[in-house]
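Participant: Handing you this structure, nothing more for now.
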Amino acid sequence: MPIAIYAGSFDPITNGHISIIRSGLVAFEKIIVAVLINPGKTPLFSVDERFKMISDALSNEPRIEVDCFDGLLVDYARRRNVQVVLRGLRAVADFEHELKMANMNRHLYQEMETVFIMANDYFYVSSSLIKEAASLGGDVLGMVPKAVAQKLREKFFPQEPCQNKE
Ligand code: ADP
């Protein structure tokens with residue numbers, strides 16, 4: 001059964017990620033969405049929060065498994081016995097970095113192949129840009145799932161008065 005791993009920080013998951021996952025399901029029987037635990041970075045959302053936002057956004061898709069991992073992606077792939085990594089390509093700027101990563105991963109794990117899917121409508125969306133816009137009060141609905149937009153508001157504007165109160 002062809003399985004692919006779609007790994008990333010997903011801090012938070014965006015409609016761009018979801019669109020790549022849905023396209024990936026055309027090519028793969030199953031996709032493991034793997035949240036990277038990176039102790040060197042301070043993410044906005046905890047691993048648990050990121051895991052839950054992904055699970056909720058993809059709850060209607062039985063061919064998706066959500067997992068998390070730390071360390072090298074190739075080691076995780078070996079452990080899971082998966083040889084394909086799925087990546088999304090947005091712009092030319094992504095290309096150089098992705099080319100290096102794909103070849104580094106192949107060097108570390110010879111059987112590993114990276115499959116790219118071209119970004120579509122959400123090519124301009126990135127988790128970092130979403131956080132930047134949301135932190136300044138921008139409405140990011142339409143670029144992230146509704147529950148994610150809500151979580152972003154809670155993170156950046158925790159004191160916001162309830163709409164129903166005076
Ligand atoms: P990283 O932390 O490695 O940058 P991300 O969580 O941001 O990873 O993204 C994981 C994967 O999703 C990467 O392959 C990235 O190129 C892709 N991706 C992110 N945003 C989009 C988007 N808007 N459209 C298509 N692919 C995307």
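We name chains A, B, ... following the order of the structure tokens; residues begin at 1 in each chain, and ligands are numbered from 1 as shown.
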Write out as a list of chain:residue names all residues of stretch 27-84 of chain A that backbone DSSP assigns to helix (DSSP H, G or I).
Facilitator: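 So the helix (DSSP H, G or I) residues in stretch 27-84 of chain A would be A:Ala27, A:Val47, A:Asp48, A:Glu49, A:Arg50, A:Phe51, A:Lys52, A:Met53, A:Ile54, A:Ser55, A:Asp56, A:Ala57, A:Leu73, A:Val74, A:Asp75, A:Tyr76, A:Ala77, A:Arg78, A:Arg79, A:Arg80.
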Participant: Near A:Leu136, counting only C-alpha atoms, which residues have an atom at most 12 Å away, once you skip same-chain residues fewer than 6 positions from it, shown as a list in words?
Facilitator: Leu129, Ile130, Leu152, Arg153, Lys155, Phe156 and Phe157 of chain A
Participant: Based on the selection just made, write N, CA, C and O atoms of those residues as a PDB file, in the first residue's frame.
Facilitator:
ATOM      1  N   LEU A 129       3.368  33.679   7.945  1.00  0.00           N
ATOM      2  CA  LEU A 129       2.634  34.866   7.492  1.00  0.00           C
ATOM      3  C   LEU A 129       1.256  34.937   8.164  1.00  0.00           C
ATOM      4  O   LEU A 129       0.773  36.021   8.508  1.00  0.00           O
ATOM      5  N   ILE A 130       0.667  33.786   8.343  1.00  0.00           N
ATOM      6  CA  ILE A 130      -0.644  33.719   9.020  1.00  0.00           C
ATOM      7  C   ILE A 130      -0.500  34.250  10.451  1.00  0.00           C
ATOM      8  O   ILE A 130      -1.299  35.061  10.924  1.00  0.00           O
ATOM      9  N   LEU A 152      -6.050  31.181  17.023  1.00  0.00           N
ATOM     10  CA  LEU A 152      -5.096  32.283  16.822  1.00  0.00           C
ATOM     11  C   LEU A 152      -5.580  33.534  17.556  1.00  0.00           C
ATOM     12  O   LEU A 152      -4.793  34.225  18.205  1.00  0.00           O
ATOM     13  N   ARG A 153      -6.878  33.798  17.463  1.00  0.00           N
ATOM     14  CA  ARG A 153      -7.424  34.971  18.168  1.00  0.00           C
ATOM     15  C   ARG A 153      -7.217  34.830  19.671  1.00  0.00           C
ATOM     16  O   ARG A 153      -6.827  35.761  20.361  1.00  0.00           O
ATOM     17  N   LYS A 155      -4.915  33.159  21.188  1.00  0.00           N
ATOM     18  CA  LYS A 155      -3.489  33.295  21.540  1.00  0.00           C
ATOM     19  C   LYS A 155      -3.067  34.758  21.569  1.00  0.00           C
ATOM     20  O   LYS A 155      -2.386  35.202  22.486  1.00  0.00           O
ATOM     21  N   PHE A 156      -3.453  35.474  20.520  1.00  0.00           N
ATOM     22  CA  PHE A 156      -2.956  36.850  20.378  1.00  0.00           C
ATOM     23  C   PHE A 156      -3.789  37.884  21.117  1.00  0.00           C
ATOM     24  O   PHE A 156      -3.287  38.935  21.491  1.00  0.00           O
ATOM     25  N   PHE A 157      -5.074  37.581  21.291  1.00  0.00           N
ATOM     26  CA  PHE A 157      -5.950  38.556  21.973  1.00  0.00           C
ATOM     27  C   PHE A 157      -6.737  37.868  23.089  1.00  0.00           C
ATOM     28  O   PHE A 157      -7.969  37.803  23.046  1.00  0.00           O
TER      29      PHE A 157
END
Participant: How would you report the residues lying within 9 Å of ligand 1, as a PyMOL selection string, if you count only C-alpha atoms and all ligand atoms?
Facilitator: chain A and resi 6-21+35-36+86-91+94-95+98+116-128+143
Participant: Could you dump the residues just selected with C-alpha atoms as a compact mmCIF listing (two decimals), in the first residue's frame?
Facilitator:
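Once written, selection-v2.txt looks like this:
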# COMPACT_ATOMS: atom_id res chain seq x y z
CA TYR A 6 3.78 14.69 5.15
CA ALA A 7 5.97 16.28 7.79
CA GLY A 8 6.18 19.84 9.00
CA SER A 9 5.88 22.18 11.91
CA PHE A 10 2.21 22.94 11.20
CA ASP A 11 2.37 25.90 13.56
CA PRO A 12 -0.55 26.13 12.76
CA ILE A 13 -2.01 24.00 9.96
CA THR A 14 -3.29 26.15 7.06
CA ASN A 15 -5.61 25.58 4.12
CA GLY A 16 -2.42 25.35 2.02
CA HIS A 17 -1.32 22.26 3.96
CA ILE A 18 -4.83 20.79 3.78
CA SER A 19 -4.95 21.30 0.04
CA ILE A 20 -1.62 19.46 -0.40
CA ILE A 21 -2.87 16.61 1.81
CA VAL A 35 4.20 17.04 13.44
CA LEU A 36 7.83 17.88 14.01
CA LEU A 86 5.32 14.37 0.46
CA ARG A 87 6.11 18.08 0.20
CA GLY A 88 4.30 21.11 -1.14
CA LEU A 89 6.03 23.51 -3.50
CA ARG A 90 4.88 27.09 -3.38
CA ALA A 91 7.24 29.36 -5.22
CA ASP A 94 10.88 26.91 -1.97
CA PHE A 95 12.66 25.05 -4.74
CA GLU A 98 13.52 21.55 -1.09
CA PHE A 116 6.25 17.29 -4.63
CA ILE A 117 2.81 18.66 -5.23
CA MET A 118 2.44 22.14 -6.64
CA ALA A 119 0.63 24.62 -4.44
CA ASN A 120 -2.61 25.92 -5.87
CA ASP A 121 -4.97 28.60 -4.56
CA TYR A 122 -3.08 28.97 -1.29
CA PHE A 123 0.40 29.38 -2.75
CA TYR A 124 0.85 32.65 -0.81
CA VAL A 125 -0.11 31.16 2.55
CA SER A 126 2.50 30.15 5.10
CA SER A 127 2.13 29.47 8.82
CA SER A 128 4.52 32.32 9.62
CA MET A 143 -6.75 30.76 4.78
Participant: As a list in words, please: every residue in stretch 76-120 of chain A that a backbone DSSP assignment puts in strand (DSSP E or B).
Facilitator: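 After running DSSP on the backbone, stretch 76-120 of chain A has strand (DSSP E or B) at Val84, Val85, Leu86, Arg87, Gly88, Leu89, Glu113, Thr114, Val115, Phe116, Ile117 and Met118 of chain A.
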Participant: Once you have the residues from the selection above, write them out as a compact mmCIF listing (two decimals), in the first residue's frame, restricted to N, CA, C and O atoms.
Facilitator:
# COMPACT_ATOMS: atom_id res chain seq x y z
N VAL A 84 8.33 7.26 1.20
CA VAL A 84 7.98 8.48 0.44
C VAL A 84 7.64 9.63 1.37
O VAL A 84 6.85 9.47 2.31
N VAL A 85 8.24 10.76 1.08
CA VAL A 85 7.93 11.98 1.81
C VAL A 85 7.20 12.91 0.84
O VAL A 85 7.64 13.08 -0.30
N LEU A 86 6.10 13.45 1.28
CA LEU A 86 5.32 14.37 0.46
C LEU A 86 5.64 15.80 0.89
O LEU A 86 5.73 16.09 2.08
N ARG A 87 5.85 16.67 -0.09
CA ARG A 87 6.11 18.08 0.20
C ARG A 87 5.28 18.95 -0.72
O ARG A 87 4.93 18.53 -1.82
N GLY A 88 4.99 20.15 -0.28
CA GLY A 88 4.30 21.11 -1.14
C GLY A 88 5.31 22.11 -1.67
O GLY A 88 6.23 22.51 -0.96
N LEU A 89 5.13 22.50 -2.92
CA LEU A 89 6.03 23.51 -3.50
C LEU A 89 5.23 24.76 -3.79
O LEU A 89 4.28 24.73 -4.57
N GLU A 113 12.32 8.66 -1.18
CA GLU A 113 12.00 9.55 -2.30
C GLU A 113 11.11 10.67 -1.80
O GLU A 113 10.27 10.47 -0.90
N THR A 114 11.28 11.86 -2.38
CA THR A 114 10.43 12.99 -2.02
C THR A 114 9.54 13.31 -3.21
O THR A 114 10.02 13.44 -4.33
N VAL A 115 8.26 13.39 -2.96
CA VAL A 115 7.29 13.69 -4.01
C VAL A 115 6.72 15.08 -3.75
O VAL A 115 6.31 15.39 -2.63
N PHE A 116 6.72 15.91 -4.79
CA PHE A 116 6.25 17.29 -4.63
C PHE A 116 4.90 17.49 -5.30
O PHE A 116 4.66 16.98 -6.39
N ILE A 117 4.08 18.25 -4.63
CA ILE A 117 2.81 18.66 -5.23
C ILE A 117 2.82 20.18 -5.30
O ILE A 117 3.19 20.86 -4.32
N MET A 118 2.44 20.69 -6.45
CA MET A 118 2.44 22.14 -6.64
C MET A 118 1.33 22.79 -5.83
O MET A 118 0.19 22.30 -5.85
Participant: If I take atom CA of A:Asn105 and atom CA of A:Leu73, how far is one from the other in Å, to one decimal?
Facilitator: 7.9 Å
Participant: Could you state the separation of atom CA of A:Ile5 and atom CA of A:Asp48 in Å, given to one decimal place?
Facilitator: 18.8 Å
Participant: Which of these residues is nearest to A:Ile64, using only C-alpha atoms: A:Lys151, A:His107, A:Lys30, A:Arg78?
Facilitator: A:Lys30
Participant: If you count only C-alpha atoms, which residues fall within 9 Å of A:Glu65, apart from same-chain ones fewer than 3 positions away, as number ranges by chain?
Facilitator: A: 30-34, 55, 61-62
Participant: Of the residues A:Gln150, A:Gln159, A:Ser23, A:Gln83, which is the one nearest to A:Tyr109, using only C-alpha atoms?
Facilitator: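 Between A:Gln150, A:Gln159, A:Ser23, A:Gln83, the residue approaching A:Tyr109 most closely is A:Gln83.
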Participant: Using atom CA of A:Ala147 and atom CA of A:Glu49 as the two end points, give the distance in Å to one decimal.
Facilitator: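 Going from atom CA of A:Ala147 over to atom CA of A:Glu49, I get 11.3 Å.
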